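Student: Questions regarding the structure given below will be posed in turn.
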Amino acid sequence: GYVPHMMTSTVENLKTLADHVCKSLPTRVTAVSWSRGELCLHTTTDGLLLLLTFLRDDPSCQFEQLVELCGVDYPQRPERFEVVYNLLSITLNHRIRLKLSVGEGATVPSVSALYPCANWMEREAWDLYGIIFSGHPDLRRILTDYGFEGHPLRKDFPLTGFVEVRYDDEQKRVVYEAVKLSQDYRSFDFLSPWDGMNHLLPGDEKADQPATQSSPPPPSSKAV
(Lines give C-alpha, C1' and ligand atoms only; values in the text may rest on other atoms or scores of the structure.)
Protein backbone atom coordinates (compact mmCIF):
# COMPACT_ATOMS: atom_id res chain seq x y z
CA GLY A 1 0.00 0.00 0.00
CA TYR A 2 0.87 3.65 -0.21
CA VAL A 3 2.99 4.82 2.73
CA PRO A 4 2.93 8.64 2.87
CA HIS A 5 5.83 10.82 3.97
CA MET A 6 5.16 13.01 6.96
CA MET A 7 4.52 16.72 6.48
CA THR A 8 4.80 16.75 2.68
CA SER A 9 2.37 18.06 0.12
CA THR A 10 4.22 17.92 -3.18
CA VAL A 11 2.57 17.16 -6.49
CA GLU A 12 4.32 13.79 -6.69
CA ASN A 13 2.95 12.74 -3.31
CA LEU A 14 -0.54 13.86 -4.30
CA LYS A 15 -0.29 11.86 -7.54
CA THR A 16 0.67 8.80 -5.54
CA LEU A 17 -2.24 9.48 -3.19
CA ALA A 18 -4.63 9.79 -6.13
CA ASP A 19 -3.46 6.46 -7.53
CA HIS A 20 -3.95 4.85 -4.14
CA VAL A 21 -7.53 6.15 -3.83
CA CYS A 22 -8.43 5.19 -7.40
CA LYS A 23 -7.09 1.65 -6.96
CA SER A 24 -8.89 1.24 -3.64
CA LEU A 25 -12.25 2.63 -4.88
CA PRO A 26 -12.18 2.37 -8.69
CA THR A 27 -15.95 2.72 -9.11
CA ARG A 28 -16.31 5.70 -6.76
CA VAL A 29 -13.83 8.07 -8.44
CA THR A 30 -15.12 9.10 -11.85
CA ALA A 31 -12.27 11.48 -12.78
CA VAL A 32 -9.08 13.07 -11.47
CA SER A 33 -8.17 16.65 -12.31
CA TRP A 34 -5.47 19.14 -11.38
CA SER A 35 -5.55 22.90 -10.98
CA ARG A 36 -2.44 24.88 -9.96
CA GLY A 37 -0.90 21.84 -8.39
CA GLU A 38 -4.03 20.96 -6.39
CA LEU A 39 -5.63 17.52 -6.58
CA CYS A 40 -9.35 17.18 -7.26
CA LEU A 41 -11.33 13.94 -7.28
CA HIS A 42 -14.73 13.75 -9.00
CA THR A 43 -17.46 11.43 -7.76
CA THR A 44 -21.22 10.87 -7.85
CA THR A 45 -23.94 11.06 -5.25
CA ASP A 46 -23.92 7.26 -4.94
CA GLY A 47 -20.21 7.14 -4.17
CA LEU A 48 -19.91 10.24 -2.02
CA LEU A 49 -20.29 8.78 1.47
CA LEU A 50 -18.10 5.76 0.83
CA LEU A 51 -15.37 7.88 -0.73
CA LEU A 52 -15.40 10.45 2.09
CA THR A 53 -15.32 7.68 4.70
CA PHE A 54 -12.30 6.17 3.01
CA LEU A 55 -10.52 9.52 2.77
CA ARG A 56 -11.14 10.16 6.45
CA ASP A 57 -10.30 6.72 7.90
CA ASP A 58 -7.65 5.23 5.60
CA PRO A 59 -4.17 5.47 7.21
CA SER A 60 -2.69 6.72 3.96
CA CYS A 61 -5.22 9.56 3.68
CA GLN A 62 -6.32 10.73 7.15
CA PHE A 63 -8.37 13.68 5.90
CA GLU A 64 -9.87 14.28 9.31
CA GLN A 65 -11.01 17.86 8.69
CA LEU A 66 -13.63 19.22 6.30
CA VAL A 67 -12.44 22.78 5.72
CA GLU A 68 -15.19 23.95 3.39
CA LEU A 69 -18.35 22.76 1.65
CA CYS A 70 -19.92 25.03 -0.94
CA GLY A 71 -22.03 25.09 -4.07
CA VAL A 72 -21.33 26.43 -7.56
CA ASP A 73 -24.00 27.29 -10.14
CA TYR A 74 -23.55 26.55 -13.85
CA PRO A 75 -26.97 27.28 -15.41
CA GLN A 76 -25.88 26.13 -18.88
CA ARG A 77 -25.02 22.59 -17.74
CA PRO A 78 -27.55 19.72 -17.70
CA GLU A 79 -26.48 19.03 -14.12
CA ARG A 80 -26.61 22.59 -12.98
CA PHE A 81 -24.84 22.56 -9.62
CA GLU A 82 -21.51 21.38 -8.29
CA VAL A 83 -20.96 20.59 -4.64
CA VAL A 84 -17.33 21.10 -3.60
CA TYR A 85 -15.68 19.56 -0.53
CA ASN A 86 -12.25 20.80 0.60
CA LEU A 87 -10.49 18.36 2.89
CA LEU A 88 -7.35 18.72 5.00
CA SER A 89 -5.11 16.13 6.61
CA ILE A 90 -3.39 17.85 9.49
CA THR A 91 -1.36 14.73 10.25
CA LEU A 92 0.04 14.30 6.73
CA ASN A 93 -0.22 17.93 5.58
CA HIS A 94 -2.28 16.99 2.53
CA ARG A 95 -5.12 18.90 0.93
CA ILE A 96 -7.63 17.46 -1.51
CA ARG A 97 -10.76 18.70 -3.24
CA LEU A 98 -13.81 16.57 -3.98
CA LYS A 99 -16.49 17.55 -6.52
CA LEU A 100 -19.79 16.12 -7.62
CA SER A 101 -22.40 17.39 -10.08
CA VAL A 102 -26.10 17.42 -9.28
CA GLY A 103 -29.14 18.52 -11.23
CA GLU A 104 -31.72 21.01 -10.07
CA GLY A 105 -34.15 19.30 -7.69
CA ALA A 106 -31.88 16.26 -7.17
CA THR A 107 -30.59 15.36 -3.72
CA VAL A 108 -27.09 14.99 -2.30
CA PRO A 109 -26.41 12.74 0.71
CA SER A 110 -25.65 14.74 3.83
CA VAL A 111 -22.14 14.23 5.22
CA SER A 112 -22.93 15.77 8.61
CA ALA A 113 -22.62 12.35 10.24
CA LEU A 114 -19.03 12.05 8.97
CA TYR A 115 -18.06 15.68 9.49
CA PRO A 116 -20.33 17.46 12.02
CA CYS A 117 -19.18 20.87 10.76
CA ALA A 118 -21.00 20.14 7.48
CA ASN A 119 -24.32 20.77 9.23
CA TRP A 120 -24.23 24.55 8.84
CA MET A 121 -22.35 24.40 5.52
CA GLU A 122 -25.07 22.26 3.94
CA ARG A 123 -27.74 24.59 5.31
CA GLU A 124 -25.88 27.47 3.68
CA ALA A 125 -25.68 25.67 0.32
CA TRP A 126 -29.40 24.91 0.55
CA ASP A 127 -30.25 28.49 1.47
CA LEU A 128 -28.16 30.17 -1.23
CA TYR A 129 -28.42 27.64 -4.09
CA GLY A 130 -31.36 25.37 -3.32
CA ILE A 131 -29.24 22.21 -3.24
CA ILE A 132 -31.13 19.57 -1.26
CA PHE A 133 -29.18 17.37 1.18
CA SER A 134 -30.97 14.16 2.08
CA GLY A 135 -30.55 12.89 5.62
CA HIS A 136 -29.69 16.30 7.03
CA PRO A 137 -30.95 16.60 10.62
CA ASP A 138 -32.22 20.19 10.30
CA LEU A 139 -32.20 21.50 6.72
CA ARG A 140 -33.54 25.06 6.90
CA ARG A 141 -32.41 28.54 5.98
CA ILE A 142 -29.43 29.98 7.80
CA LEU A 143 -28.56 33.31 6.12
CA THR A 144 -31.87 34.64 4.81
CA ASP A 145 -35.19 35.26 6.52
CA TYR A 146 -37.52 32.31 7.09
CA GLY A 147 -40.13 33.80 4.77
CA PHE A 148 -37.59 34.39 1.98
CA GLU A 149 -38.50 33.02 -1.44
CA GLY A 150 -35.84 31.81 -3.86
CA HIS A 151 -32.09 31.29 -3.54
CA PRO A 152 -29.92 34.42 -3.82
CA LEU A 153 -26.71 32.98 -5.33
CA ARG A 154 -28.36 31.36 -8.30
CA LYS A 155 -27.17 33.15 -11.41
CA ASP A 156 -30.73 33.63 -12.63
CA PHE A 157 -31.92 35.18 -9.36
CA PRO A 158 -33.30 38.76 -9.79
CA LEU A 159 -31.06 41.50 -8.45
CA THR A 160 -33.94 43.39 -6.82
CA GLY A 161 -36.92 42.01 -4.97
CA PHE A 162 -40.37 43.28 -4.14
CA VAL A 163 -40.34 43.29 -0.34
CA GLU A 164 -37.82 44.22 2.30
CA VAL A 165 -37.58 43.21 5.94
CA ARG A 166 -36.78 45.50 8.84
CA TYR A 167 -37.34 45.69 12.57
CA ASP A 168 -39.96 48.26 13.59
CA ASP A 169 -39.22 49.93 16.92
CA GLU A 170 -42.81 51.06 17.37
CA GLN A 171 -44.42 47.68 16.66
CA LYS A 172 -41.56 45.79 18.33
CA ARG A 173 -41.48 43.17 15.60
CA VAL A 174 -40.11 42.39 12.14
CA VAL A 175 -42.23 43.92 9.37
CA TYR A 176 -42.36 43.43 5.61
CA GLU A 177 -42.62 46.45 3.33
CA ALA A 178 -42.64 47.02 -0.40
CA VAL A 179 -39.23 47.93 -1.78
CA LYS A 180 -38.96 51.56 -2.86
CA LEU A 181 -36.14 52.01 -5.37
CA SER A 182 -36.72 55.56 -6.54
CA GLN A 183 -33.34 55.68 -8.26
CA ASP A 184 -34.61 53.18 -10.85
CA TYR A 185 -36.95 55.82 -12.23
CA ARG A 186 -34.52 58.70 -12.47
CA SER A 187 -32.81 59.86 -15.65
CA PHE A 188 -29.03 59.87 -15.38
CA ASP A 189 -26.84 61.74 -17.87
CA PHE A 190 -23.55 60.60 -16.23
CA LEU A 191 -21.93 63.98 -16.98
CA SER A 192 -19.44 65.72 -14.79
CA PRO A 193 -20.84 68.73 -12.97
CA TRP A 194 -18.34 70.82 -14.93
CA ASP A 195 -19.26 69.33 -18.33
CA GLY A 196 -22.98 69.39 -17.69
CA MET A 197 -23.31 73.18 -17.26
CA ASN A 198 -24.79 74.75 -20.40
CA HIS A 199 -25.62 78.24 -19.12
CA LEU A 200 -23.38 81.29 -19.07
CA LEU A 201 -21.85 82.61 -15.95
CA PRO A 202 -21.37 86.35 -15.47
CA GLY A 203 -18.40 87.38 -17.56
CA ASP A 204 -18.47 84.40 -19.96
CA GLU A 205 -19.94 86.56 -22.72
CA LYS A 206 -16.63 88.41 -22.99
CA ALA A 207 -14.90 85.25 -24.21
CA ASP A 208 -17.07 85.19 -27.38
CA GLN A 209 -16.41 88.83 -28.33
CA PRO A 210 -13.63 89.52 -30.89
CA ALA A 211 -10.64 91.28 -29.53
CA THR A 212 -10.49 94.98 -30.53
CA GLN A 213 -7.31 96.97 -30.97
CA SER A 214 -7.31 99.83 -28.56
CA SER A 215 -6.33 103.28 -29.87
CA PRO A 216 -3.06 104.76 -28.59
CA PRO A 217 -3.39 107.30 -25.86
CA PRO A 218 -3.24 110.95 -26.95
CA PRO A 219 0.12 112.64 -26.67
CA SER A 220 0.64 114.57 -23.57
CA SER A 221 0.97 118.33 -23.95
CA LYS A 222 3.44 120.42 -22.08
CA ALA A 223 3.35 124.06 -21.56
CA VAL A 224 6.13 125.94 -23.38
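By order in the C-alpha coordinates, chains are A, B, ...; within a chain, residues start at 1; ligands start at 1, following the order shown.
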Could you write out, as number ranges by chain, all the residues of segment 100-157 of chain A that DSSP marks as helix (DSSP H, G or I)?

Tutor: A: 118-129

Student: Run DSSP on the backbone and tell me which residues of segment 50-94 of chain A come out as strand (DSSP E); list them as a CSV table (one decimal) with all heavy atoms, in the first residue's frame.

Tutor:
```csv
chain,number,residue,atom,x,y,z
A,65,GLN,N,-10.3,16.6,8.6
A,65,GLN,CA,-11.0,17.9,8.7
A,65,GLN,C,-11.6,18.3,7.4
A,65,GLN,O,-11.0,18.3,6.3
A,65,GLN,CB,-10.0,18.9,9.1
A,65,GLN,CG,-10.7,20.3,9.4
A,65,GLN,CD,-9.7,21.3,10.0
A,65,GLN,OE1,-8.6,20.9,10.3
A,65,GLN,NE2,-10.1,22.5,10.1
A,66,LEU,N,-12.9,18.6,7.4
A,66,LEU,CA,-13.6,19.2,6.3
A,66,LEU,C,-13.5,20.7,6.5
A,66,LEU,O,-14.1,21.3,7.3
A,66,LEU,CB,-15.1,18.8,6.3
A,66,LEU,CG,-16.0,19.5,5.2
A,66,LEU,CD1,-15.5,19.1,3.8
A,66,LEU,CD2,-17.4,19.1,5.4
A,67,VAL,N,-12.7,21.4,5.6
A,67,VAL,CA,-12.4,22.8,5.7
A,67,VAL,C,-13.6,23.6,5.2
A,67,VAL,O,-14.0,24.6,5.7
A,67,VAL,CB,-11.1,23.1,5.0
A,67,VAL,CG1,-10.9,24.6,5.1
A,67,VAL,CG2,-10.0,22.4,5.6
A,68,GLU,N,-14.2,23.2,4.0
A,68,GLU,CA,-15.2,23.9,3.4
A,68,GLU,C,-16.1,23.0,2.5
A,68,GLU,O,-15.6,22.0,2.0
A,68,GLU,CB,-14.6,25.0,2.5
A,68,GLU,CG,-15.5,25.9,1.7
A,68,GLU,CD,-16.4,26.7,2.6
A,68,GLU,OE1,-16.0,27.1,3.7
A,68,GLU,OE2,-17.6,26.9,2.2
A,69,LEU,N,-17.4,23.4,2.5
A,69,LEU,CA,-18.3,22.8,1.6
A,69,LEU,C,-19.1,23.9,1.0
A,69,LEU,O,-19.7,24.8,1.7
A,69,LEU,CB,-19.3,21.8,2.4
A,69,LEU,CG,-20.3,21.0,1.7
A,69,LEU,CD1,-20.7,19.8,2.6
A,69,LEU,CD2,-21.5,21.8,1.3
A,70,CYS,N,-19.2,23.9,-0.3
A,70,CYS,CA,-19.9,25.0,-0.9
A,70,CYS,C,-20.6,24.5,-2.2
A,70,CYS,O,-20.3,23.4,-2.7
A,70,CYS,CB,-19.0,26.2,-1.2
A,70,CYS,SG,-17.7,25.8,-2.4
A,71,GLY,N,-21.4,25.4,-2.8
A,71,GLY,CA,-22.0,25.1,-4.1
A,71,GLY,C,-21.6,26.0,-5.2
A,71,GLY,O,-21.1,27.1,-4.9
A,72,VAL,N,-21.7,25.6,-6.4
A,72,VAL,CA,-21.3,26.4,-7.6
A,72,VAL,C,-22.5,26.2,-8.6
A,72,VAL,O,-22.9,25.1,-8.8
A,72,VAL,CB,-20.0,26.0,-8.2
A,72,VAL,CG1,-19.6,27.0,-9.3
A,72,VAL,CG2,-18.9,26.0,-7.1
A,73,ASP,N,-22.9,27.3,-9.2
A,73,ASP,CA,-24.0,27.3,-10.1
A,73,ASP,C,-23.5,27.5,-11.6
A,73,ASP,O,-22.8,28.4,-11.9
A,73,ASP,CB,-25.0,28.4,-9.8
A,73,ASP,CG,-26.3,28.3,-10.6
A,73,ASP,OD1,-26.5,27.3,-11.3
A,73,ASP,OD2,-27.0,29.3,-10.7
A,81,PHE,N,-25.6,22.2,-10.8
A,81,PHE,CA,-24.8,22.6,-9.6
A,81,PHE,C,-23.7,21.6,-9.4
A,81,PHE,O,-23.7,20.4,-9.8
A,81,PHE,CB,-25.7,22.6,-8.4
A,81,PHE,CG,-26.9,23.5,-8.4
A,81,PHE,CD1,-28.2,23.0,-8.6
A,81,PHE,CD2,-26.7,24.8,-8.3
A,81,PHE,CE1,-29.2,23.8,-8.7
A,81,PHE,CE2,-27.8,25.7,-8.4
A,81,PHE,CZ,-29.1,25.2,-8.5
A,82,GLU,N,-22.6,22.2,-8.8
A,82,GLU,CA,-21.5,21.4,-8.3
A,82,GLU,C,-21.4,21.6,-6.8
A,82,GLU,O,-21.5,22.7,-6.3
A,82,GLU,CB,-20.2,21.8,-8.9
A,82,GLU,CG,-19.8,21.0,-10.1
A,82,GLU,CD,-18.4,21.3,-10.6
A,82,GLU,OE1,-17.7,22.2,-10.0
A,82,GLU,OE2,-17.9,20.6,-11.6
A,83,VAL,N,-21.2,20.5,-6.1
A,83,VAL,CA,-21.0,20.6,-4.6
A,83,VAL,C,-19.5,20.3,-4.4
A,83,VAL,O,-19.0,19.3,-4.9
A,83,VAL,CB,-21.8,19.6,-3.8
A,83,VAL,CG1,-21.6,19.8,-2.3
A,83,VAL,CG2,-23.3,19.8,-4.2
A,84,VAL,N,-18.8,21.2,-3.7
A,84,VAL,CA,-17.3,21.1,-3.6
A,84,VAL,C,-17.0,20.9,-2.1
A,84,VAL,O,-17.5,21.6,-1.2
A,84,VAL,CB,-16.7,22.4,-4.1
A,84,VAL,CG1,-15.1,22.3,-4.0
A,84,VAL,CG2,-17.1,22.7,-5.5
A,85,TYR,N,-16.1,19.9,-1.9
A,85,TYR,CA,-15.7,19.6,-0.5
A,85,TYR,C,-14.2,19.7,-0.5
A,85,TYR,O,-13.4,19.1,-1.3
A,85,TYR,CB,-16.0,18.1,-0.1
A,85,TYR,CG,-17.5,17.8,-0.3
A,85,TYR,CD1,-18.1,17.4,-1.5
A,85,TYR,CD2,-18.3,17.7,0.9
A,85,TYR,CE1,-19.4,17.1,-1.6
A,85,TYR,CE2,-19.7,17.4,0.8
A,85,TYR,CZ,-20.2,17.1,-0.5
A,85,TYR,OH,-21.5,16.8,-0.6
A,86,ASN,N,-13.7,20.6,0.4
A,86,ASN,CA,-12.2,20.8,0.6
A,86,ASN,C,-11.8,20.1,1.9
A,86,ASN,O,-12.3,20.5,3.0
A,86,ASN,CB,-11.9,22.3,0.7
A,86,ASN,CG,-12.1,23.0,-0.7
A,86,ASN,OD1,-11.6,22.5,-1.7
A,86,ASN,ND2,-12.9,24.0,-0.7
A,87,LEU,N,-10.9,19.2,1.8
A,87,LEU,CA,-10.5,18.4,2.9
A,87,LEU,C,-9.0,18.6,3.2
A,87,LEU,O,-8.2,19.0,2.4
A,87,LEU,CB,-10.7,16.9,2.6
A,87,LEU,CG,-12.1,16.4,2.2
A,87,LEU,CD1,-12.0,14.9,1.8
A,87,LEU,CD2,-13.0,16.6,3.3
A,88,LEU,N,-8.7,18.5,4.5
A,88,LEU,CA,-7.4,18.7,5.0
A,88,LEU,C,-6.9,17.6,5.9
A,88,LEU,O,-7.7,17.2,6.8
A,88,LEU,CB,-7.3,20.0,5.8
A,88,LEU,CG,-6.0,20.3,6.6
A,88,LEU,CD1,-4.8,20.4,5.7
A,88,LEU,CD2,-6.2,21.6,7.4
A,89,SER,N,-5.7,17.1,5.7
A,89,SER,CA,-5.1,16.1,6.6
A,89,SER,C,-4.1,16.9,7.4
A,89,SER,O,-3.0,17.2,6.9
A,89,SER,CB,-4.5,15.0,5.8
A,89,SER,OG,-3.7,14.1,6.7
A,94,HIS,N,-1.7,17.2,3.9
A,94,HIS,CA,-2.3,17.0,2.5
A,94,HIS,C,-3.6,17.8,2.4
A,94,HIS,O,-4.4,17.8,3.4
A,94,HIS,CB,-2.6,15.5,2.2
A,94,HIS,CG,-1.3,14.7,1.9
A,94,HIS,ND1,-0.2,15.3,1.3
A,94,HIS,CD2,-1.1,13.4,2.1
A,94,HIS,CE1,0.7,14.3,1.1
A,94,HIS,NE2,0.2,13.2,1.6
```

Student: Can you tell me how far atom CA of Arg123 of chain A sits from atom CA of Gly105 of chain A, in Å to one decimal?

Tutor: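 Atom-to-atom, atom CA of Arg123 of chain A and atom CA of Gly105 of chain A are spaced 15.4 Å apart.
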
Student: Quick one: residues within 12 Å of segment 16-19 of chain A, only C-alpha atoms counted, chain neighbours fewer than 2 positions away excluded, as JSON, numbers by chain?

Tutor: {"A": [1, 2, 3, 4, 5, 8, 9, 10, 11, 12, 13, 14, 21, 22, 23, 24, 25, 26, 29, 30, 31, 32, 33, 34, 38, 39, 40, 41, 42, 55, 58, 59, 60, 61, 62, 63, 92, 94, 95, 96, 97, 98]}

Student: Hey, can you check how far atom CA of Glu177 of chain A sits from atom CA of Ala125 of chain A?

Tutor: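 Those two atoms sit 27.0 Å apart.
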
Student: Env of Phe148 of chain A: 12 Å cut, atoms = only C-alpha atoms, seq-sep filter 2 positions within chain, self excluded. Answer as a list in words.

Tutor: Asp127, Leu128, Arg140, Arg141, Ile142, Leu143, Thr144, Asp145, Tyr146, Gly150, His151, Pro152, Gly161, Phe162, Val163, Glu164, Val165 and Tyr176 of chain A

Student: Using only C-alpha atoms, which protein or nucleic acid residues come within 8 Å of Leu48 of chain A? Drop anything in the same chain fewer than 4 positions from it, and give the result as JSON, numbers by chain.

Tutor: {"A": [28, 43, 44, 52, 109]}

Student: Emit the selected residues as a PDB file, in the first residue's frame, including N, CA, C and O atoms.

Tutor:
```
ATOM      1  N   ARG A  28     -15.812   4.512  -7.459  1.00  0.00           N
ATOM      2  CA  ARG A  28     -16.307   5.700  -6.759  1.00  0.00           C
ATOM      3  C   ARG A  28     -15.665   6.984  -7.254  1.00  0.00           C
ATOM      4  O   ARG A  28     -16.226   8.059  -7.048  1.00  0.00           O
ATOM      5  N   THR A  43     -16.665  12.590  -8.150  1.00  0.00           N
ATOM      6  CA  THR A  43     -17.455  11.429  -7.764  1.00  0.00           C
ATOM      7  C   THR A  43     -18.925  11.680  -8.069  1.00  0.00           C
ATOM      8  O   THR A  43     -19.285  12.701  -8.663  1.00  0.00           O
ATOM      9  N   THR A  44     -19.775  10.764  -7.662  1.00  0.00           N
ATOM     10  CA  THR A  44     -21.218  10.870  -7.854  1.00  0.00           C
ATOM     11  C   THR A  44     -21.901  10.834  -6.492  1.00  0.00           C
ATOM     12  O   THR A  44     -21.277  10.557  -5.463  1.00  0.00           O
ATOM     13  N   LEU A  52     -15.790   9.575   0.978  1.00  0.00           N
ATOM     14  CA  LEU A  52     -15.402  10.445   2.090  1.00  0.00           C
ATOM     15  C   LEU A  52     -14.999   9.635   3.322  1.00  0.00           C
ATOM     16  O   LEU A  52     -14.076  10.014   4.046  1.00  0.00           O
ATOM     17  N   PRO A 109     -26.443  13.276  -0.648  1.00  0.00           N
ATOM     18  CA  PRO A 109     -26.410  12.736   0.714  1.00  0.00           C
ATOM     19  C   PRO A 109     -25.699  13.694   1.668  1.00  0.00           C
ATOM     20  O   PRO A 109     -24.642  14.241   1.354  1.00  0.00           O
TER      21      PRO A 109
END
```
